[in-house]
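Novice: Sharing run23.tsv (TSV, N, CA and C atoms) below.
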chain	number	residue	atom	x	y	z
A	1	MET	N	0.84	-1.17	0.00
A	1	MET	CA	0.00	0.00	0.00
A	1	MET	C	0.89	1.24	0.00
A	2	ARG	N	0.62	2.14	-0.92
A	2	ARG	CA	1.32	3.43	-0.90
A	2	ARG	C	0.58	4.33	0.07
A	3	ILE	N	1.30	4.81	1.08
A	3	ILE	CA	0.65	5.64	2.08
A	3	ILE	C	1.04	7.11	1.99
A	4	ALA	N	2.15	7.39	1.35
A	4	ALA	CA	2.61	8.77	1.28
A	4	ALA	C	3.64	8.93	0.19
A	5	ARG	N	3.91	10.17	-0.12
A	5	ARG	CA	5.01	10.55	-0.99
A	5	ARG	C	5.74	11.67	-0.27
A	6	ILE	N	6.97	11.39	0.15
A	6	ILE	CA	7.74	12.34	0.93
A	6	ILE	C	8.96	12.76	0.13
A	7	LEU	N	9.04	14.04	-0.17
A	7	LEU	CA	10.15	14.60	-0.94
A	7	LEU	C	10.39	13.82	-2.24
A	8	GLY	N	9.30	13.42	-2.88
A	8	GLY	CA	9.39	12.71	-4.14
A	8	GLY	C	9.65	11.22	-4.03
A	9	ILE	N	9.63	10.69	-2.82
A	9	ILE	CA	9.87	9.26	-2.60
A	9	ILE	C	8.58	8.62	-2.11
A	10	ASP	N	8.11	7.62	-2.85
A	10	ASP	CA	6.91	6.89	-2.43
A	10	ASP	C	7.21	6.05	-1.20
A	11	VAL	N	6.31	6.09	-0.22
A	11	VAL	CA	6.43	5.25	0.98
A	11	VAL	C	5.39	4.15	0.86
A	12	ILE	N	5.89	2.91	0.76
A	12	ILE	CA	5.05	1.74	0.58
A	12	ILE	C	5.10	0.91	1.86
A	13	ILE	N	3.93	0.50	2.34
A	13	ILE	CA	3.88	-0.36	3.53
A	13	ILE	C	3.26	-1.69	3.14
A	14	HIS	N	3.96	-2.75	3.42
A	14	HIS	CA	3.44	-4.09	3.20
A	14	HIS	C	2.40	-4.37	4.29
A	15	PRO	N	1.34	-5.10	3.97
A	15	PRO	CA	0.32	-5.40	4.98
A	15	PRO	C	0.86	-6.09	6.24
A	16	SER	N	2.04	-6.70	6.16
A	16	SER	CA	2.62	-7.33	7.34
A	16	SER	C	2.92	-6.32	8.44
A	17	TRP	N	3.10	-5.04	8.06
A	17	TRP	CA	3.34	-4.00	9.07
A	17	TRP	C	2.13	-3.79	9.94
A	18	LEU	N	0.94	-4.09	9.44
A	18	LEU	CA	-0.26	-4.01	10.27
A	18	LEU	C	-0.18	-5.03	11.40
A	19	PHE	N	0.37	-6.20	11.12
A	19	PHE	CA	0.57	-7.21	12.16
A	19	PHE	C	1.55	-6.69	13.21
A	20	VAL	N	2.65	-6.12	12.76
A	20	VAL	CA	3.65	-5.57	13.69
A	20	VAL	C	3.03	-4.47	14.54
A	21	PHE	N	2.29	-3.57	13.90
A	21	PHE	CA	1.65	-2.48	14.62
A	21	PHE	C	0.69	-3.01	15.68
A	22	GLY	N	-0.13	-3.98	15.29
A	22	GLY	CA	-1.07	-4.58	16.24
A	22	GLY	C	-0.36	-5.32	17.37
A	23	PHE	N	0.67	-6.05	17.05
A	23	PHE	CA	1.40	-6.80	18.07
A	23	PHE	C	2.07	-5.87	19.07
A	24	VAL	N	2.73	-4.83	18.57
A	24	VAL	CA	3.40	-3.88	19.48
A	24	VAL	C	2.37	-3.17	20.36
A	25	THR	N	1.26	-2.76	19.77
A	25	THR	CA	0.20	-2.12	20.56
A	25	THR	C	-0.29	-3.07	21.65
A	26	TRP	N	-0.58	-4.31	21.27
A	26	TRP	CA	-1.06	-5.29	22.24
A	26	TRP	C	-0.03	-5.53	23.34
A	27	TRP	N	1.23	-5.74	22.96
A	27	TRP	CA	2.25	-6.04	23.96
A	27	TRP	C	2.43	-4.88	24.93
A	28	LEU	N	2.52	-3.67	24.42
A	28	LEU	CA	2.72	-2.53	25.30
A	28	LEU	C	1.55	-2.31	26.25
A	29	SER	N	0.34	-2.59	25.78
A	29	SER	CA	-0.85	-2.30	26.60
A	29	SER	C	-1.36	-3.49	27.39
A	30	SER	N	-0.76	-4.66	27.21
A	30	SER	CA	-1.25	-5.86	27.90
A	30	SER	C	-0.85	-5.86	29.38
A	31	ASP	N	-1.42	-6.81	30.11
A	31	ASP	CA	-1.09	-6.95	31.53
A	31	ASP	C	0.35	-7.39	31.74
A	32	GLY	N	1.00	-7.92	30.71
A	32	GLY	CA	2.39	-8.32	30.82
A	32	GLY	C	3.36	-7.30	30.25
A	33	GLY	N	2.84	-6.21	29.70
A	33	GLY	CA	3.68	-5.20	29.07
A	33	GLY	C	4.24	-4.21	30.07
A	34	PRO	N	5.12	-3.36	29.61
A	34	PRO	CA	5.81	-2.42	30.50
A	34	PRO	C	4.92	-1.32	31.07
A	35	LEU	N	3.76	-1.08	30.47
A	35	LEU	CA	2.87	-0.03	30.97
A	35	LEU	C	2.06	-0.46	32.18
A	36	ARG	N	2.13	-1.72	32.54
A	36	ARG	CA	1.31	-2.24	33.64
A	36	ARG	C	1.68	-1.62	34.98
A	37	TYR	N	2.88	-1.12	35.12
A	37	TYR	CA	3.34	-0.58	36.40
A	37	TYR	C	2.94	0.87	36.63
A	38	LEU	N	2.34	1.50	35.65
A	38	LEU	CA	2.04	2.92	35.76
A	38	LEU	C	0.70	3.24	36.41
A	39	GLY	N	-0.07	2.21	36.73
A	39	GLY	CA	-1.37	2.43	37.36
A	39	GLY	C	-2.39	3.07	36.44
A	40	LEU	N	-2.30	2.77	35.16
A	40	LEU	CA	-3.21	3.33	34.16
A	40	LEU	C	-4.41	2.42	33.94
A	41	SER	N	-5.48	3.01	33.45
A	41	SER	CA	-6.65	2.22	33.07
A	41	SER	C	-6.32	1.44	31.80
A	42	PRO	N	-7.08	0.38	31.50
A	42	PRO	CA	-6.84	-0.35	30.25
A	42	PRO	C	-6.92	0.55	29.01
A	43	PHE	N	-7.88	1.48	29.00
A	43	PHE	CA	-8.00	2.38	27.86
A	43	PHE	C	-6.75	3.26	27.72
A	44	GLN	N	-6.26	3.79	28.82
A	44	GLN	CA	-5.05	4.61	28.77
A	44	GLN	C	-3.85	3.81	28.26
A	45	ARG	N	-3.76	2.55	28.69
A	45	ARG	CA	-2.65	1.70	28.21
A	45	ARG	C	-2.77	1.44	26.72
A	46	ILE	N	-4.00	1.24	26.23
A	46	ILE	CA	-4.19	1.01	24.80
A	46	ILE	C	-3.79	2.25	24.00
A	47	VAL	N	-4.17	3.43	24.49
A	47	VAL	CA	-3.80	4.67	23.81
A	47	VAL	C	-2.28	4.82	23.79
A	48	LEU	N	-1.62	4.61	24.92
A	48	LEU	CA	-0.16	4.72	24.96
A	48	LEU	C	0.52	3.61	24.16
A	49	GLY	N	-0.06	2.41	24.16
A	49	GLY	CA	0.48	1.32	23.36
A	49	GLY	C	0.40	1.62	21.88
A	50	THR	N	-0.71	2.20	21.45
A	50	THR	CA	-0.88	2.60	20.05
A	50	THR	C	0.12	3.70	19.70
A	51	LEU	N	0.29	4.66	20.59
A	51	LEU	CA	1.27	5.71	20.37
A	51	LEU	C	2.68	5.13	20.27
A	52	GLY	N	3.00	4.18	21.12
A	52	GLY	CA	4.31	3.53	21.07
A	52	GLY	C	4.53	2.80	19.76
A	53	ALA	N	3.51	2.09	19.28
A	53	ALA	CA	3.62	1.39	18.00
A	53	ALA	C	3.81	2.37	16.86
A	54	PHE	N	3.07	3.49	16.91
A	54	PHE	CA	3.23	4.51	15.88
A	54	PHE	C	4.64	5.10	15.91
A	55	LEU	N	5.16	5.37	17.09
A	55	LEU	CA	6.51	5.93	17.20
A	55	LEU	C	7.57	4.95	16.69
A	56	LEU	N	7.36	3.66	16.92
A	56	LEU	CA	8.27	2.66	16.36
A	56	LEU	C	8.24	2.73	14.84
A	57	TRP	N	7.04	2.73	14.26
A	57	TRP	CA	6.90	2.82	12.82
A	57	TRP	C	7.54	4.10	12.29
A	58	PHE	N	7.29	5.22	12.96
A	58	PHE	CA	7.83	6.50	12.53
A	58	PHE	C	9.36	6.51	12.57
A	59	SER	N	9.94	5.88	13.59
A	59	SER	CA	11.41	5.84	13.67
A	59	SER	C	12.00	4.99	12.56
A	60	VAL	N	11.34	3.89	12.19
A	60	VAL	CA	11.79	3.07	11.06
A	60	VAL	C	11.68	3.86	9.76
A	61	LEU	N	10.58	4.60	9.61
A	61	LEU	CA	10.41	5.44	8.42
A	61	LEU	C	11.50	6.50	8.34
A	62	LEU	N	11.78	7.19	9.43
A	62	LEU	CA	12.84	8.21	9.42
A	62	LEU	C	14.20	7.60	9.10
A	63	HIS	N	14.48	6.44	9.67
A	63	HIS	CA	15.73	5.73	9.41
A	63	HIS	C	15.90	5.50	7.91
A	64	ASN	N	14.86	4.95	7.30
A	64	ASN	CA	14.94	4.62	5.87
A	64	ASN	C	14.89	5.85	4.98
A	65	LEU	N	14.13	6.84	5.38
A	65	LEU	CA	14.08	8.07	4.61
A	65	LEU	C	15.45	8.75	4.62
A	66	THR	N	16.16	8.67	5.73
A	66	THR	CA	17.50	9.23	5.80
A	66	THR	C	18.45	8.52	4.84
A	67	HIS	N	18.37	7.18	4.82
A	67	HIS	CA	19.18	6.43	3.84
A	67	HIS	C	18.86	6.90	2.41
A	68	ALA	N	17.56	7.01	2.11
A	68	ALA	CA	17.14	7.38	0.76
A	68	ALA	C	17.59	8.79	0.39
A	69	LEU	N	17.47	9.73	1.32
A	69	LEU	CA	17.89	11.10	1.03
A	69	LEU	C	19.40	11.20	0.88
A	70	ALA	N	20.14	10.43	1.67
A	70	ALA	CA	21.60	10.41	1.53
A	70	ALA	C	21.98	9.83	0.17
A	71	ALA	N	21.26	8.82	-0.26
A	71	ALA	CA	21.53	8.24	-1.59
A	71	ALA	C	21.25	9.26	-2.69
A	72	ARG	N	20.16	9.99	-2.54
A	72	ARG	CA	19.85	11.03	-3.52
A	72	ARG	C	20.93	12.11	-3.55
A	73	ARG	N	21.38	12.49	-2.37
A	73	ARG	CA	22.42	13.53	-2.28
A	73	ARG	C	23.71	13.06	-2.96
A	74	SER	N	23.91	11.74	-2.96
A	74	SER	CA	25.09	11.18	-3.62
A	74	SER	C	24.89	10.99	-5.11
A	75	GLY	N	23.73	11.41	-5.62
A	75	GLY	CA	23.48	11.33	-7.06
A	75	GLY	C	22.73	10.10	-7.50
A	76	LEU	N	22.25	9.30	-6.56
A	76	LEU	CA	21.49	8.11	-6.91
A	76	LEU	C	20.01	8.44	-7.02
A	77	SER	N	19.30	7.70	-7.83
A	77	SER	CA	17.87	7.89	-8.01
A	77	SER	C	17.12	6.92	-7.11
A	78	VAL	N	16.36	7.46	-6.18
A	78	VAL	CA	15.57	6.64	-5.25
A	78	VAL	C	14.10	6.89	-5.56
A	79	GLN	N	13.37	5.84	-5.88
A	79	GLN	CA	11.96	5.97	-6.25
A	79	GLN	C	11.01	5.72	-5.08
A	80	GLN	N	11.35	4.71	-4.25
A	80	GLN	CA	10.42	4.36	-3.17
A	80	GLN	C	11.13	3.68	-2.02
A	81	ILE	N	10.47	3.71	-0.87
A	81	ILE	CA	10.89	2.99	0.33
A	81	ILE	C	9.77	2.01	0.63
A	82	GLY	N	10.11	0.75	0.79
A	82	GLY	CA	9.12	-0.26	1.13
A	82	GLY	C	9.40	-0.82	2.52
A	83	LEU	N	8.40	-0.78	3.40
A	83	LEU	CA	8.54	-1.28	4.76
A	83	LEU	C	7.71	-2.54	4.93
A	84	SER	N	8.33	-3.59	5.45
A	84	SER	CA	7.61	-4.84	5.73
A	84	SER	C	8.09	-5.42	7.04
A	85	VAL	N	7.45	-6.47	7.48
A	85	VAL	CA	7.82	-7.11	8.74
A	85	VAL	C	9.24	-7.68	8.67
A	86	PHE	N	9.71	-7.97	7.49
A	86	PHE	CA	11.03	-8.57	7.32
A	86	PHE	C	12.13	-7.54	7.11
A	87	GLY	N	11.79	-6.27	7.10
A	87	GLY	CA	12.78	-5.23	6.92
A	87	GLY	C	12.29	-4.20	5.94
A	88	GLU	N	13.21	-3.51	5.36
A	88	GLU	CA	12.85	-2.44	4.44
A	88	GLU	C	13.63	-2.59	3.15
A	89	VAL	N	13.05	-2.06	2.09
A	89	VAL	CA	13.69	-2.11	0.79
A	89	VAL	C	13.57	-0.73	0.17
A	90	SER	N	14.69	-0.21	-0.27
A	90	SER	CA	14.68	1.05	-1.00
A	90	SER	C	14.91	0.74	-2.46
A	91	SER	N	14.13	1.36	-3.30
A	91	SER	CA	14.27	1.17	-4.74
A	91	SER	C	15.25	2.19	-5.28
A	92	VAL	N	16.50	1.76	-5.45
A	92	VAL	CA	17.57	2.62	-5.95
A	92	VAL	C	17.94	2.13	-7.34
A	93	ASP	N	17.94	3.07	-8.29
A	93	ASP	CA	18.19	2.69	-9.69
A	93	ASP	C	19.66	2.49	-10.02
A	94	ASP	N	20.55	3.12	-9.30
A	94	ASP	CA	21.97	3.06	-9.61
A	94	ASP	C	22.74	2.40	-8.48
A	95	GLU	N	24.04	2.29	-8.69
A	95	GLU	CA	24.92	1.83	-7.62
A	95	GLU	C	25.74	3.00	-7.14
A	96	SER	N	26.18	2.91	-5.90
A	96	SER	CA	26.96	3.98	-5.30
A	96	SER	C	28.21	4.25	-6.11
A	97	ARG	N	28.63	5.49	-6.11
A	97	ARG	CA	29.77	5.91	-6.92
A	97	ARG	C	31.11	5.80	-6.18
A	98	GLY	N	31.10	5.25	-5.00
A	98	GLY	CA	32.36	5.12	-4.28
A	98	GLY	C	32.14	4.69	-2.84
A	99	ALA	N	33.24	4.36	-2.21
A	99	ALA	CA	33.18	3.87	-0.84
A	99	ALA	C	32.72	4.95	0.13
A	100	THR	N	33.13	6.18	-0.09
A	100	THR	CA	32.76	7.26	0.83
A	100	THR	C	31.26	7.50	0.82
A	101	SER	N	30.66	7.58	-0.36
A	101	SER	CA	29.22	7.80	-0.43
A	101	SER	C	28.45	6.59	0.12
A	102	SER	N	28.94	5.39	-0.14
A	102	SER	CA	28.30	4.19	0.42
A	102	SER	C	28.35	4.21	1.94
A	103	ALA	N	29.48	4.63	2.48
A	103	ALA	CA	29.62	4.68	3.94
A	103	ALA	C	28.65	5.69	4.53
A	104	TRP	N	28.53	6.87	3.92
A	104	TRP	CA	27.61	7.89	4.44
A	104	TRP	C	26.17	7.42	4.34
A	105	ILE	N	25.81	6.81	3.23
A	105	ILE	CA	24.45	6.30	3.05
A	105	ILE	C	24.14	5.27	4.13
A	106	SER	N	25.09	4.41	4.41
A	106	SER	CA	24.89	3.37	5.42
A	106	SER	C	24.88	3.92	6.84
A	107	LEU	N	25.68	4.92	7.11
A	107	LEU	CA	25.86	5.43	8.46
A	107	LEU	C	24.74	6.36	8.93
A	108	LEU	N	24.16	7.12	8.02
A	108	LEU	CA	23.20	8.14	8.43
A	108	LEU	C	21.92	7.57	9.04
A	109	GLY	N	21.45	6.43	8.58
A	109	GLY	CA	20.24	5.82	9.17
A	109	GLY	C	20.43	5.51	10.66
A	110	PRO	N	21.48	4.77	11.02
A	110	PRO	CA	21.71	4.52	12.45
A	110	PRO	C	21.97	5.80	13.25
A	111	LEU	N	22.55	6.82	12.65
A	111	LEU	CA	22.75	8.08	13.37
A	111	LEU	C	21.40	8.72	13.72
A	112	VAL	N	20.42	8.61	12.80
A	112	VAL	CA	19.09	9.11	13.09
A	112	VAL	C	18.49	8.33	14.26
A	113	ASN	N	18.66	7.01	14.25
A	113	ASN	CA	18.16	6.20	15.38
A	113	ASN	C	18.78	6.64	16.69
A	114	PHE	N	20.08	6.89	16.66
A	114	PHE	CA	20.77	7.33	17.87
A	114	PHE	C	20.24	8.67	18.33
A	115	ALA	N	20.00	9.58	17.39
A	115	ALA	CA	19.49	10.90	17.74
A	115	ALA	C	18.06	10.80	18.32
A	116	LEU	N	17.27	9.89	17.78
A	116	LEU	CA	15.91	9.73	18.32
A	116	LEU	C	15.98	9.17	19.73
Kindly transcribe the structure held in the file into structure tokens.
Specialist:
Amino acid sequence: MRIARILGIDVIIHPSWLFVFGFVTWWLSSDGGPLRYLGLSPFQRIVLGTLGAFLLWFSVLLHNLTHALAARRSGLSVQQIGLSVFGEVSSVDDESRGATSSAWISLLGPLVNFAL
């Protein structure tokens, strides 16, 4: 499913991400999840669990968008980012022009994770 177009890059989500989203929401809001110690109502835990699942998805999107934008800055053509339960796939038409640009493309995604 195409859900957005960000800076000219299509963002595609595989239906398996709905499973991940549901599982993370359930785990965070369940009686065995980390929110159980906060003394919240079940509804409050579900809201916070859903927010946590969304933030996980958003961080994965930012990670991959950073890779894609770094690739574009290096002169590569990136058409789309695909997110699935098994990982992510960026549709890049070319190959990197050198070790330095490959290193930057690879490094910037984890740096975004660290910053988050």
Novice: Leaving out Ser59 of chain A and any residue of its chain fewer than 3 positions from it, which residues lie within 12 Å of it when counting only C-alpha atoms, given as a VMD selection string?
Specialist: chain A and resid 52 to 56 62 to 66 83 109 to 116
Novice: Atom N of Ile81 of chain A to atom C of Ile46 of chain A: how many Å, to one decimal?
Specialist: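 These atoms are spaced 28.7 Å apart.
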Novice: Would you kindly return, as a VMD selection string, each protein, DNA or RNA residue with an atom no farther than 10 Å from any atom of Ser30 of chain A, considering only C-alpha atoms and excluding same-chain residues fewer than 6 positions away?
Specialist: chain A and resid 24 36 42 45 to 46 49
Novice: Go ahead and save the residues from that selection, with N, CA and C atoms, as a PDB file, in the frame of the given file.
Specialist:
ATOM      1  N   VAL A  24       2.730  -4.830  18.570  1.00  0.00           N
ATOM      2  CA  VAL A  24       3.400  -3.880  19.480  1.00  0.00           C
ATOM      3  C   VAL A  24       2.370  -3.170  20.360  1.00  0.00           C
ATOM      4  N   ARG A  36       2.130  -1.720  32.540  1.00  0.00           N
ATOM      5  CA  ARG A  36       1.310  -2.240  33.640  1.00  0.00           C
ATOM      6  C   ARG A  36       1.680  -1.620  34.980  1.00  0.00           C
ATOM      7  N   PRO A  42      -7.080   0.380  31.500  1.00  0.00           N
ATOM      8  CA  PRO A  42      -6.840  -0.350  30.250  1.00  0.00           C
ATOM      9  C   PRO A  42      -6.920   0.550  29.010  1.00  0.00           C
ATOM     10  N   ARG A  45      -3.760   2.550  28.690  1.00  0.00           N
ATOM     11  CA  ARG A  45      -2.650   1.700  28.210  1.00  0.00           C
ATOM     12  C   ARG A  45      -2.770   1.440  26.720  1.00  0.00           C
ATOM     13  N   ILE A  46      -4.000   1.240  26.230  1.00  0.00           N
ATOM     14  CA  ILE A  46      -4.190   1.010  24.800  1.00  0.00           C
ATOM     15  C   ILE A  46      -3.790   2.250  24.000  1.00  0.00           C
ATOM     16  N   GLY A  49      -0.060   2.410  24.160  1.00  0.00           N
ATOM     17  CA  GLY A  49       0.480   1.320  23.360  1.00  0.00           C
ATOM     18  C   GLY A  49       0.400   1.620  21.880  1.00  0.00           C
TER      19      GLY A  49
END
Novice: Which neighbours of Ile12 of chain A fall inside 8 Å, counting all atoms listed in the file, when residues of the same chain fewer than 4 positions from it are skipped, and could you give them as a list in words?
Specialist: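 Surrounding residues, per the criterion: Met1, Arg2, Ile3, Ala4, Arg5, Gln80, Ile81, Gly82, Leu83 and Ser84 of chain A.
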Novice: Write out as JSON, numbers by chain all residues of segment 28-114 of chain A that DSSP puts in strand (DSSP E or B) for this structure's backbone.
Specialist: {"A": [78, 79, 80, 81, 82, 83, 84, 87, 88, 89, 90, 91, 92]}
Novice: Could you write out the selected residues, including N, CA and C atoms, as a PDB file, in the coordinates of the input?
Specialist:
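This went into out-v4.pdb:
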ATOM      1  N   VAL A  78      16.360   7.460  -6.180  1.00  0.00           N
ATOM      2  CA  VAL A  78      15.570   6.640  -5.250  1.00  0.00           C
ATOM      3  C   VAL A  78      14.100   6.890  -5.560  1.00  0.00           C
ATOM      4  N   GLN A  79      13.370   5.840  -5.880  1.00  0.00           N
ATOM      5  CA  GLN A  79      11.960   5.970  -6.250  1.00  0.00           C
ATOM      6  C   GLN A  79      11.010   5.720  -5.080  1.00  0.00           C
ATOM      7  N   GLN A  80      11.350   4.710  -4.250  1.00  0.00           N
ATOM      8  CA  GLN A  80      10.420   4.360  -3.170  1.00  0.00           C
ATOM      9  C   GLN A  80      11.130   3.680  -2.020  1.00  0.00           C
ATOM     10  N   ILE A  81      10.470   3.710  -0.870  1.00  0.00           N
ATOM     11  CA  ILE A  81      10.890   2.990   0.330  1.00  0.00           C
ATOM     12  C   ILE A  81       9.770   2.010   0.630  1.00  0.00           C
ATOM     13  N   GLY A  82      10.110   0.750   0.790  1.00  0.00           N
ATOM     14  CA  GLY A  82       9.120  -0.260   1.130  1.00  0.00           C
ATOM     15  C   GLY A  82       9.400  -0.820   2.520  1.00  0.00           C
ATOM     16  N   LEU A  83       8.400  -0.780   3.400  1.00  0.00           N
ATOM     17  CA  LEU A  83       8.540  -1.280   4.760  1.00  0.00           C
ATOM     18  C   LEU A  83       7.710  -2.540   4.930  1.00  0.00           C
ATOM     19  N   SER A  84       8.330  -3.590   5.450  1.00  0.00           N
ATOM     20  CA  SER A  84       7.610  -4.840   5.730  1.00  0.00           C
ATOM     21  C   SER A  84       8.090  -5.420   7.040  1.00  0.00           C
ATOM     22  N   GLY A  87      11.790  -6.270   7.100  1.00  0.00           N
ATOM     23  CA  GLY A  87      12.780  -5.230   6.920  1.00  0.00           C
ATOM     24  C   GLY A  87      12.290  -4.200   5.940  1.00  0.00           C
ATOM     25  N   GLU A  88      13.210  -3.510   5.360  1.00  0.00           N
ATOM     26  CA  GLU A  88      12.850  -2.440   4.440  1.00  0.00           C
ATOM     27  C   GLU A  88      13.630  -2.590   3.150  1.00  0.00           C
ATOM     28  N   VAL A  89      13.050  -2.060   2.090  1.00  0.00           N
ATOM     29  CA  VAL A  89      13.690  -2.110   0.790  1.00  0.00           C
ATOM     30  C   VAL A  89      13.570  -0.730   0.170  1.00  0.00           C
ATOM     31  N   SER A  90      14.690  -0.210  -0.270  1.00  0.00           N
ATOM     32  CA  SER A  90      14.680   1.050  -1.000  1.00  0.00           C
ATOM     33  C   SER A  90      14.910   0.740  -2.460  1.00  0.00           C
ATOM     34  N   SER A  91      14.130   1.360  -3.300  1.00  0.00           N
ATOM     35  CA  SER A  91      14.270   1.170  -4.740  1.00  0.00           C
ATOM     36  C   SER A  91      15.250   2.190  -5.280  1.00  0.00           C
ATOM     37  N   VAL A  92      16.500   1.760  -5.450  1.00  0.00           N
ATOM     38  CA  VAL A  92      17.570   2.620  -5.950  1.00  0.00           C
ATOM     39  C   VAL A  92      17.940   2.130  -7.340  1.00  0.00           C
TER      40      VAL A  92
END
Novice: Determine the nearest neighbour of Ile6 of chain A from the options A:Ala70, A:Leu38, A:Leu76, A:Leu61, counting only C-alpha atoms.
Specialist: A:Leu61
Novice: Counting only C-alpha atoms, which of A:Gln79, A:Val85, A:Gly8, A:Ala71 gets nearest to Trp104 of chain A?
Specialist: A:Ala71
Novice: Compare A:His67, A:Leu48, A:Val78, A:Gly32 by their minimum atom-to-atom distance to Asp10 of chain A, counting all atoms listed in the file, and give me the closest one.
Specialist: A:Val78
Novice: So what do you get for atom N of Trp26 of chain A versus atom CA of Val11 of chain A, distance-wise?
Specialist: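 Separating atom N of Trp26 of chain A from atom CA of Val11 of chain A is a distance of 23.5 Å.
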Novice: Hey, can you check how far atom N of Ser41 of chain A sits from atom CA of Ser29 of chain A?
Specialist: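 Calculated distance between atom N of Ser41 of chain A and atom CA of Ser29 of chain A is 9.8 Å.
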